[in-house]
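Working notes for the structure below.
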Protein chains: 2
Amino acid sequence: MTIADLQASGTGSFRQALRRVPTQARARERVVRVLEAAVALIERQGTDHLKMADLAKAADISIGSLYQYFPDKTAVVHALAERCYQESRHCIEEGLAGIADAAAFRAAFAQLYDIYYAQFLAEPAMADIWSGTQGDKDLRAIEIDYSRENAALLVEAVMRLAPDADRQALTASAFLVMYLGESTMRLAVSVPREEGQVLVDDYKRMALSLLDTYLPG
Amino acid sequence: MTIADLQASGTGSFRQALRRVPTQARARERVVRVLEAAVALIERQGTDHLKMADLAKAADISIGSLYQYFPDKTAVVHALAERCYQESRHCIEEGLAGIADAAAFRAAFAQLYDIYYAQFLAEPAMADIWSGTQGDKDLRAIEIDYSRENAALLVEAVMRLAPDADRQALTASAFLVMYLGESTMRLAVSVPREEGQVLVDDYKRMALSLLDTYLPG
DNA sequence: CTTTAATGTGAGGGAAGCTCATATTTGCCA
DNA sequence: TGGCAAATATGAGCTTCCCTCACATTAAAG
């Protein structure tokens, strides 16, 4: 995140990311230092255990200075999320540019997600900052366990119909299908009702097309 | 959630859901009352604004009693998540039982998610309790906006190749694809590296099969 | 060099999670 | 029934953490 970005986010659509836009070089440098320290702390402890006093100390500034720029703790996380967002968006924009035909589209789309995945792997804090695991690590683990258990049910159902299917590959696919099913439900209830139903229907098509590769016929 | 469930969760795999397993009828009833009050409060204010003092008051017990059973605030949310989990699992188990052929499987799978969605709609707290929106509502909104913006990029890319595609339907599909792409990334980085790559690859197949319905050829 | 604006500081107010010493209720046995 | 031990209930208050504000310091302007 550049200093220009910081200023832009202070005045742009991102609602009050910074309480005060720093004009002096010293102040701008401090804000950057805070964000960098925040990434380091979140990488170690997760978003929910981030303490403002710790953050101030890590960035080597006082609590007061910290609050001069960030209205509250969530603003720090939001600013980081915004940074992830910028990076990802850039990656998507590039990946989808200048595609000539459907085959190129498929290749570009696939490559896009490989790059995206590499980005997430390279910056572990990204997944923490981004809202999915926001807060409670234990709950996150429970959610994943739950998806695995449901996936096992799905694997059995499919294997009954297709005894020769590749069980290992199917297990992974079923896991993804169940996990993303949860995600879809949460998305669907967050948007207007009619749109929600469309999303659910699309999800069913998507998931079934993956599962179809294991089914007979 | 029945009283039997409560006792089971105290001794079962769910790590210390209850600090003390209530044996007297009065105590068991109180624990149930706490959970019910918690659902009501979360429905109104969201998980992050749930205050233990409010919860005690709503359940008409003292703070001390509350902490006699729940080791901390997260335990309350976990217990509720466990309840959602039980309900969903039951729904999935039923939906996948006694399927005779691939066609029946597809129908059952589709119906499963309709029921699932209805469950989420009927109990709004479910989405809150379940980890997706855990914590920060604003961040959640940003995430959704972000997916919509990325979806717009994807829509343009596809429309360039297929000018006659149904833009409205494509917009919904692209939104889902982008949103679930995020979800997949977070899942992939939460599991061992090799498994993560398999999940990403499966996701690409899934998403592309949906997008393929809009592409020429 | 003075003035004014910008920036920096940390003690402390306040809110919320959680504890613990004490009081009350229940179950059990004579 | 009475009396004792275990289970349960209570809420004042301790602790931790977010955040404010009155005041100190530093940079920019004239």
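Residue numbers start at 1 in each chain; chains themselves are named A, B, ... in the order of the structure tokens; ligands are numbered from 1 in the order shown.
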
If we count only C-alpha atoms (C1' of nucleotides) and set the cut-off at 12 Å, which residues sit around DC28 in chain C, ignoring sequence neighbours fewer than 3 positions away in its own chain? Please answer as an mmCIF file with C-alpha atoms (C1' of nucleotides), in the first residue's frame.
data_model
loop_
_atom_site.group_PDB
_atom_site.id
_atom_site.type_symbol
_atom_site.label_atom_id
_atom_site.label_comp_id
_atom_site.auth_asym_id
_atom_site.auth_seq_id
_atom_site.Cartn_x
_atom_site.Cartn_y
_atom_site.Cartn_z
ATOM 1 C "C1'" DG D 2 -34.695 -33.134 60.405
ATOM 2 C "C1'" DG D 3 -30.063 -32.565 59.245
ATOM 3 C "C1'" DC D 4 -26.049 -32.869 56.374
ATOM 4 C "C1'" DA D 5 -23.405 -32.705 52.026
ATOM 5 C "C1'" DA D 6 -23.369 -31.657 47.340
#

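The neighbours of range 108-121 of chain B here are the residues that come within 7 Å of it, using only C-alpha atoms (C1' of nucleotides) and leaving out any residue fewer than 6 positions away in the same chain; they are Met185, Val189 and Lys204 of chain A; Ile92, Gly95, Leu96 and Ala127 of chain B.
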
Pull out every residue of chain B that has at least one atom within 8 Å of chain C, counting only C-alpha atoms (C1' of nucleotides), and report them as a VMD selection string.
chain B and resid 51 to 52 67 72 to 73

Include C-alpha atoms and write out the residues we just selected as a PDB file, in the first residue's frame.
ATOM      1  CA  LYS B  51     -23.061  -8.962  26.108  1.00  0.00           C
ATOM      2  CA  MET B  52     -22.848 -11.540  28.838  1.00  0.00           C
ATOM      3  CA  TYR B  67     -20.385 -18.688  33.984  1.00  0.00           C
ATOM      4  CA  ASP B  72     -16.633 -18.006  28.351  1.00  0.00           C
ATOM      5  CA  LYS B  73     -18.569 -16.054  25.800  1.00  0.00           C
TER       6      LYS B  73
END

Write out as an NGL selection string every residue belonging to chain A that has an atom at most 12 Å from any atom of chain D, counting only C-alpha atoms (C1' of nucleotides).
:A and (23-27 or 49-54 or 63-68 or 70-74)

Limited to C-alpha atoms, could you put the picked residues into a file as a short mmCIF file (atom, residue, chain, number, x, y, z; two decimals), in the first residue's frame?
data_model
loop_
_atom_site.label_atom_id
_atom_site.label_comp_id
_atom_site.auth_asym_id
_atom_site.auth_seq_id
_atom_site.Cartn_x
_atom_site.Cartn_y
_atom_site.Cartn_z
CA THR A 23 -0.05 15.56 5.54
CA GLN A 24 3.42 15.57 6.98
CA ALA A 25 5.87 12.94 5.81
CA ARG A 26 6.53 11.77 9.37
CA ALA A 27 2.86 11.14 10.00
CA HIS A 49 -6.33 -11.09 19.64
CA LEU A 50 -4.89 -7.93 18.20
CA LYS A 51 -4.55 -5.41 21.03
CA MET A 52 -4.33 -1.73 20.30
CA ALA A 53 -1.69 -1.20 22.98
CA ASP A 54 0.44 -3.96 21.46
CA ILE A 63 -1.80 4.95 21.80
CA GLY A 64 -2.87 8.52 21.27
CA SER A 65 -1.13 8.74 17.92
CA LEU A 66 -2.65 5.48 16.83
CA TYR A 67 -6.14 6.81 17.50
CA GLN A 68 -5.29 10.07 15.80
CA PHE A 70 -7.58 5.13 13.08
CA PRO A 71 -11.00 5.83 14.60
CA ASP A 72 -11.14 2.39 16.17
CA LYS A 73 -9.74 -1.09 16.06
CA THR A 74 -11.97 -2.25 13.22
#

Name the residues in contact with Leu161 in chain B at a cut-off of 12 Å, using only C-alpha atoms (C1' of nucleotides), excluding same-chain residues fewer than 5 positions from it; report them as a PyMOL selection string.
(chain A and resi 96+98-106) or (chain B and resi 154-156+211-212+214-217)

Okay, now the selection with C-alpha atoms, as a compact mmCIF listing (two decimals), in the first residue's frame?
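Now in again.txt:
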# COMPACT_ATOMS: atom_id res chain seq x y z
CA LEU A 96 -9.23 -11.22 -17.47
CA GLY A 98 -7.34 -9.39 -23.62
CA ILE A 99 -9.03 -12.74 -23.92
CA ALA A 100 -9.74 -13.76 -27.50
CA ASP A 101 -11.91 -16.87 -27.33
CA ALA A 102 -13.63 -19.30 -24.98
CA ALA A 103 -10.60 -21.57 -24.74
CA ALA A 104 -8.39 -18.66 -23.76
CA PHE A 105 -11.01 -17.64 -21.23
CA ARG A 106 -10.96 -21.04 -19.56
CA LEU B 154 -16.04 -11.19 -15.10
CA VAL B 155 -19.35 -10.31 -16.71
CA GLU B 156 -17.61 -7.97 -19.11
CA LEU B 211 -19.55 -20.09 -16.77
CA ASP B 212 -19.43 -22.45 -19.75
CA TYR B 214 -22.77 -18.64 -21.07
CA LEU B 215 -19.81 -19.13 -23.41
CA PRO B 216 -20.11 -19.85 -27.14
CA GLY B 217 -19.33 -23.35 -28.35

Would you write out chain B as a CSV table (one decimal) with C-alpha atoms, in the first residue's frame, after superposing it on chain A by least squares over all in-order Cα pairs?
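Result written to part.csv:
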chain,number,residue,atom,x,y,z
B,1,MET,CA,-0.2,0.2,-0.1
B,2,THR,CA,1.2,3.5,-1.2
B,3,ILE,CA,0.8,6.8,0.5
B,4,ALA,CA,-1.4,7.9,-2.4
B,5,ASP,CA,-3.7,5.0,-1.6
B,6,LEU,CA,-3.8,6.0,2.0
B,7,GLN,CA,-4.9,9.4,1.1
B,8,ALA,CA,-7.4,8.1,-1.4
B,9,SER,CA,-8.9,5.8,1.1
B,10,GLY,CA,-9.3,8.7,3.5
B,11,THR,CA,-11.5,10.6,1.1
B,12,GLY,CA,-12.8,7.8,-1.1
B,13,SER,CA,-15.7,5.4,-0.8
B,14,PHE,CA,-14.2,3.5,2.0
B,15,ARG,CA,-16.0,4.9,4.9
B,16,GLN,CA,-13.8,6.8,7.3
B,17,ALA,CA,-10.8,4.5,7.0
B,18,LEU,CA,-8.7,7.2,8.6
B,19,ARG,CA,-10.0,9.6,11.2
B,20,ARG,CA,-7.5,12.2,10.1
B,21,VAL,CA,-5.6,12.3,6.8
B,22,PRO,CA,-2.0,12.7,7.5
B,23,THR,CA,-0.4,15.5,5.5
B,24,GLN,CA,3.1,15.6,6.9
B,25,ALA,CA,5.6,13.0,5.7
B,26,ARG,CA,6.3,11.9,9.2
B,27,ALA,CA,2.7,11.2,9.9
B,28,ARG,CA,2.2,9.3,6.7
B,29,GLU,CA,5.1,7.1,7.4
B,30,ARG,CA,3.8,6.3,10.8
B,31,VAL,CA,0.4,5.2,9.4
B,32,VAL,CA,2.2,2.9,7.0
B,33,ARG,CA,4.3,1.6,9.9
B,34,VAL,CA,1.1,0.8,11.9
B,35,LEU,CA,-0.3,-1.2,9.0
B,36,GLU,CA,2.9,-3.1,8.6
B,37,ALA,CA,3.1,-3.9,12.3
B,38,ALA,CA,-0.5,-4.9,12.2
B,39,VAL,CA,0.1,-7.5,9.5
B,40,ALA,CA,3.0,-8.9,11.5
B,41,LEU,CA,1.0,-9.1,14.7
B,42,ILE,CA,-2.0,-10.7,13.0
B,43,GLU,CA,0.2,-13.2,11.3
B,44,ARG,CA,1.4,-14.3,14.7
B,45,GLN,CA,-1.8,-14.1,16.8
B,46,GLY,CA,-4.8,-13.7,14.5
B,47,THR,CA,-7.1,-10.7,14.2
B,48,ASP,CA,-9.0,-11.2,17.4
B,49,HIS,CA,-6.0,-11.2,19.6
B,50,LEU,CA,-4.6,-8.0,18.2
B,51,LYS,CA,-4.3,-5.5,21.0
B,52,MET,CA,-4.1,-1.8,20.3
B,53,ALA,CA,-1.5,-1.2,22.9
B,54,ASP,CA,0.7,-4.0,21.4
B,55,LEU,CA,0.1,-2.5,18.0
B,56,ALA,CA,1.2,1.0,19.1
B,57,LYS,CA,4.3,-0.5,20.7
B,58,ALA,CA,5.2,-2.5,17.6
B,59,ALA,CA,4.8,0.5,15.4
B,60,ASP,CA,6.8,2.5,18.0
B,61,ILE,CA,4.2,5.2,18.5
B,62,SER,CA,1.9,6.1,21.3
B,63,ILE,CA,-1.7,4.9,21.8
B,64,GLY,CA,-2.8,8.5,21.3
B,65,SER,CA,-1.1,8.7,17.9
B,66,LEU,CA,-2.6,5.4,16.8
B,67,TYR,CA,-6.1,6.7,17.6
B,68,GLN,CA,-5.4,10.0,15.8
B,69,TYR,CA,-5.5,8.1,12.5
B,70,PHE,CA,-7.6,5.0,13.2
B,71,PRO,CA,-11.0,5.7,14.7
B,72,ASP,CA,-11.1,2.3,16.3
B,73,LYS,CA,-9.6,-1.2,16.1
B,74,THR,CA,-11.9,-2.4,13.3
B,75,ALA,CA,-10.6,0.5,11.1
B,76,VAL,CA,-7.1,-1.0,11.2
B,77,VAL,CA,-8.4,-4.4,10.0
B,78,HIS,CA,-10.6,-2.7,7.4
B,79,ALA,CA,-7.6,-0.8,6.1
B,80,LEU,CA,-5.7,-4.1,5.7
B,81,ALA,CA,-8.7,-5.7,4.1
B,82,GLU,CA,-8.8,-2.8,1.7
B,83,ARG,CA,-5.2,-3.5,0.8
B,84,CYS,CA,-5.8,-7.2,0.2
B,85,TYR,CA,-8.8,-6.1,-1.9
B,86,GLN,CA,-6.7,-3.8,-4.0
B,87,GLU,CA,-4.1,-6.5,-4.6
B,88,SER,CA,-6.7,-9.2,-5.5
B,89,ARG,CA,-8.6,-6.9,-7.8
B,90,HIS,CA,-5.5,-6.0,-9.6
B,91,CYS,CA,-4.7,-9.6,-10.1
B,92,ILE,CA,-8.2,-10.3,-11.4
B,93,GLU,CA,-8.1,-7.4,-13.8
B,94,GLU,CA,-4.8,-8.4,-15.3
B,95,GLY,CA,-5.9,-12.0,-15.5
B,96,LEU,CA,-9.1,-11.3,-17.4
B,97,ALA,CA,-7.6,-8.8,-19.8
B,98,GLY,CA,-7.1,-9.4,-23.6
B,99,ILE,CA,-8.8,-12.8,-23.9
B,100,ALA,CA,-9.5,-13.8,-27.5
B,101,ASP,CA,-11.7,-16.9,-27.3
B,102,ALA,CA,-13.5,-19.3,-25.0
B,103,ALA,CA,-10.4,-21.6,-24.7
B,104,ALA,CA,-8.2,-18.7,-23.7
B,105,PHE,CA,-10.9,-17.7,-21.2
B,106,ARG,CA,-10.9,-21.1,-19.5
B,107,ALA,CA,-7.1,-21.1,-19.3
B,108,ALA,CA,-7.0,-17.5,-18.0
B,109,PHE,CA,-9.6,-18.3,-15.4
B,110,ALA,CA,-7.7,-21.3,-14.2
B,111,GLN,CA,-4.4,-19.5,-14.1
B,112,LEU,CA,-6.1,-16.6,-12.2
B,113,TYR,CA,-7.0,-18.8,-9.3
B,114,ASP,CA,-3.6,-20.4,-9.2
B,115,ILE,CA,-2.0,-17.0,-8.8
B,116,TYR,CA,-4.7,-16.0,-6.3
B,117,TYR,CA,-4.0,-19.1,-4.3
B,118,ALA,CA,-0.3,-18.4,-4.4
B,119,GLN,CA,-1.0,-14.9,-3.0
B,120,PHE,CA,-3.0,-16.3,-0.1
B,121,LEU,CA,-0.3,-18.8,0.6
B,122,ALA,CA,2.4,-16.1,0.5
B,123,GLU,CA,0.6,-13.8,2.9
B,124,PRO,CA,-0.9,-15.9,5.6
B,125,ALA,CA,-2.4,-12.9,7.3
B,126,MET,CA,-4.6,-12.3,4.2
B,127,ALA,CA,-7.0,-15.2,5.1
B,128,ASP,CA,-7.2,-13.9,8.7
B,129,ILE,CA,-7.8,-10.4,7.8
B,130,TRP,CA,-10.4,-11.3,5.2
B,131,SER,CA,-13.6,-11.9,7.0
B,132,GLY,CA,-13.8,-15.7,6.8
B,133,THR,CA,-11.9,-16.5,9.9
B,134,GLN,CA,-12.6,-13.2,11.5
B,135,GLY,CA,-12.6,-13.8,15.2
B,136,ASP,CA,-12.9,-17.3,16.4
B,137,LYS,CA,-10.4,-19.8,15.3
B,138,ASP,CA,-12.1,-22.6,17.1
B,139,LEU,CA,-15.4,-22.0,15.4
B,140,ARG,CA,-13.6,-22.0,12.1
B,141,ALA,CA,-12.1,-25.4,12.9
B,142,ILE,CA,-15.6,-26.7,13.9
B,143,GLU,CA,-17.0,-25.4,10.6
B,144,ILE,CA,-14.3,-27.3,8.6
B,145,ASP,CA,-14.8,-30.4,10.6
B,146,TYR,CA,-18.5,-30.1,10.0
B,147,SER,CA,-18.0,-29.8,6.2
B,148,ARG,CA,-15.8,-32.9,6.3
B,149,GLU,CA,-18.4,-34.9,8.1
B,150,ASN,CA,-21.1,-33.9,5.6
B,151,ALA,CA,-18.7,-34.6,2.8
B,152,ALA,CA,-18.4,-38.2,4.1
B,153,LEU,CA,-22.2,-38.5,3.8
B,154,LEU,CA,-22.0,-37.2,0.3
B,155,VAL,CA,-19.2,-39.5,-0.6
B,156,GLU,CA,-21.2,-42.5,0.5
B,157,ALA,CA,-24.2,-41.5,-1.4
B,158,VAL,CA,-22.2,-41.1,-4.6
B,159,MET,CA,-20.2,-44.3,-4.1
B,160,ARG,CA,-23.3,-46.3,-3.8
B,161,LEU,CA,-24.3,-45.1,-7.3
B,162,ALA,CA,-20.7,-45.3,-8.7
B,163,PRO,CA,-18.8,-48.0,-6.8
B,164,ASP,CA,-15.8,-47.6,-9.0
B,165,ALA,CA,-15.3,-43.9,-8.5
B,166,ASP,CA,-12.0,-42.5,-7.3
B,167,ARG,CA,-12.8,-42.3,-3.6
B,168,GLN,CA,-9.9,-39.9,-2.7
B,169,ALA,CA,-10.7,-37.4,-5.5
B,170,LEU,CA,-14.4,-37.6,-4.6
B,171,THR,CA,-13.7,-37.0,-1.0
B,172,ALA,CA,-11.9,-33.7,-1.9
B,173,SER,CA,-14.7,-32.7,-4.2
B,174,ALA,CA,-17.4,-33.5,-1.7
B,175,PHE,CA,-15.6,-31.5,0.9
B,176,LEU,CA,-15.4,-28.5,-1.3
B,177,VAL,CA,-19.1,-28.9,-2.3
B,178,MET,CA,-20.2,-29.0,1.3
B,179,TYR,CA,-18.1,-26.2,2.4
B,180,LEU,CA,-19.1,-23.9,-0.4
B,181,GLY,CA,-22.7,-24.9,0.1
B,182,GLU,CA,-22.4,-23.3,3.5
B,183,SER,CA,-20.8,-20.2,2.0
B,184,THR,CA,-23.5,-20.0,-0.5
B,185,MET,CA,-26.2,-20.1,2.1
B,186,ARG,CA,-24.7,-17.3,4.0
B,187,LEU,CA,-24.3,-15.2,0.9
B,188,ALA,CA,-27.9,-16.0,-0.2
B,189,VAL,CA,-29.4,-14.8,3.0
B,190,SER,CA,-27.3,-11.6,2.8
B,191,VAL,CA,-28.9,-10.4,-0.4
B,192,PRO,CA,-32.5,-9.7,-1.5
B,193,ARG,CA,-34.7,-12.8,-1.5
B,194,GLU,CA,-35.1,-13.3,-5.2
B,195,GLU,CA,-31.5,-12.8,-5.8
B,196,GLY,CA,-30.7,-15.3,-3.1
B,197,GLN,CA,-32.8,-18.0,-4.8
B,198,VAL,CA,-31.0,-17.4,-8.1
B,199,LEU,CA,-27.7,-17.8,-6.3
B,200,VAL,CA,-28.8,-21.0,-4.7
B,201,ASP,CA,-29.9,-22.4,-8.0
B,202,ASP,CA,-26.7,-21.5,-9.7
B,203,TYR,CA,-24.8,-23.1,-6.9
B,204,LYS,CA,-26.7,-26.4,-7.3
B,205,ARG,CA,-25.8,-26.4,-11.0
B,206,MET,CA,-22.2,-25.7,-10.2
B,207,ALA,CA,-21.9,-28.3,-7.6
B,208,LEU,CA,-23.8,-30.9,-9.6
B,209,SER,CA,-21.6,-30.4,-12.6
B,210,LEU,CA,-18.6,-31.3,-10.4
B,211,LEU,CA,-20.3,-34.3,-8.8
B,212,ASP,CA,-21.5,-35.4,-12.2
B,213,THR,CA,-18.0,-36.3,-13.2
B,214,TYR,CA,-18.2,-39.1,-10.6
B,215,LEU,CA,-21.7,-40.3,-11.4
B,216,PRO,CA,-22.5,-43.1,-13.9
B,217,GLY,CA,-24.0,-42.0,-17.3

Per DSSP on the backbone, filter range 2-92 of chain A down to the residues in helix (DSSP H, G or I) and report them as a PyMOL selection string.
chain A and resi 3-11+25-45+47-49+52-58+63-69+73-92
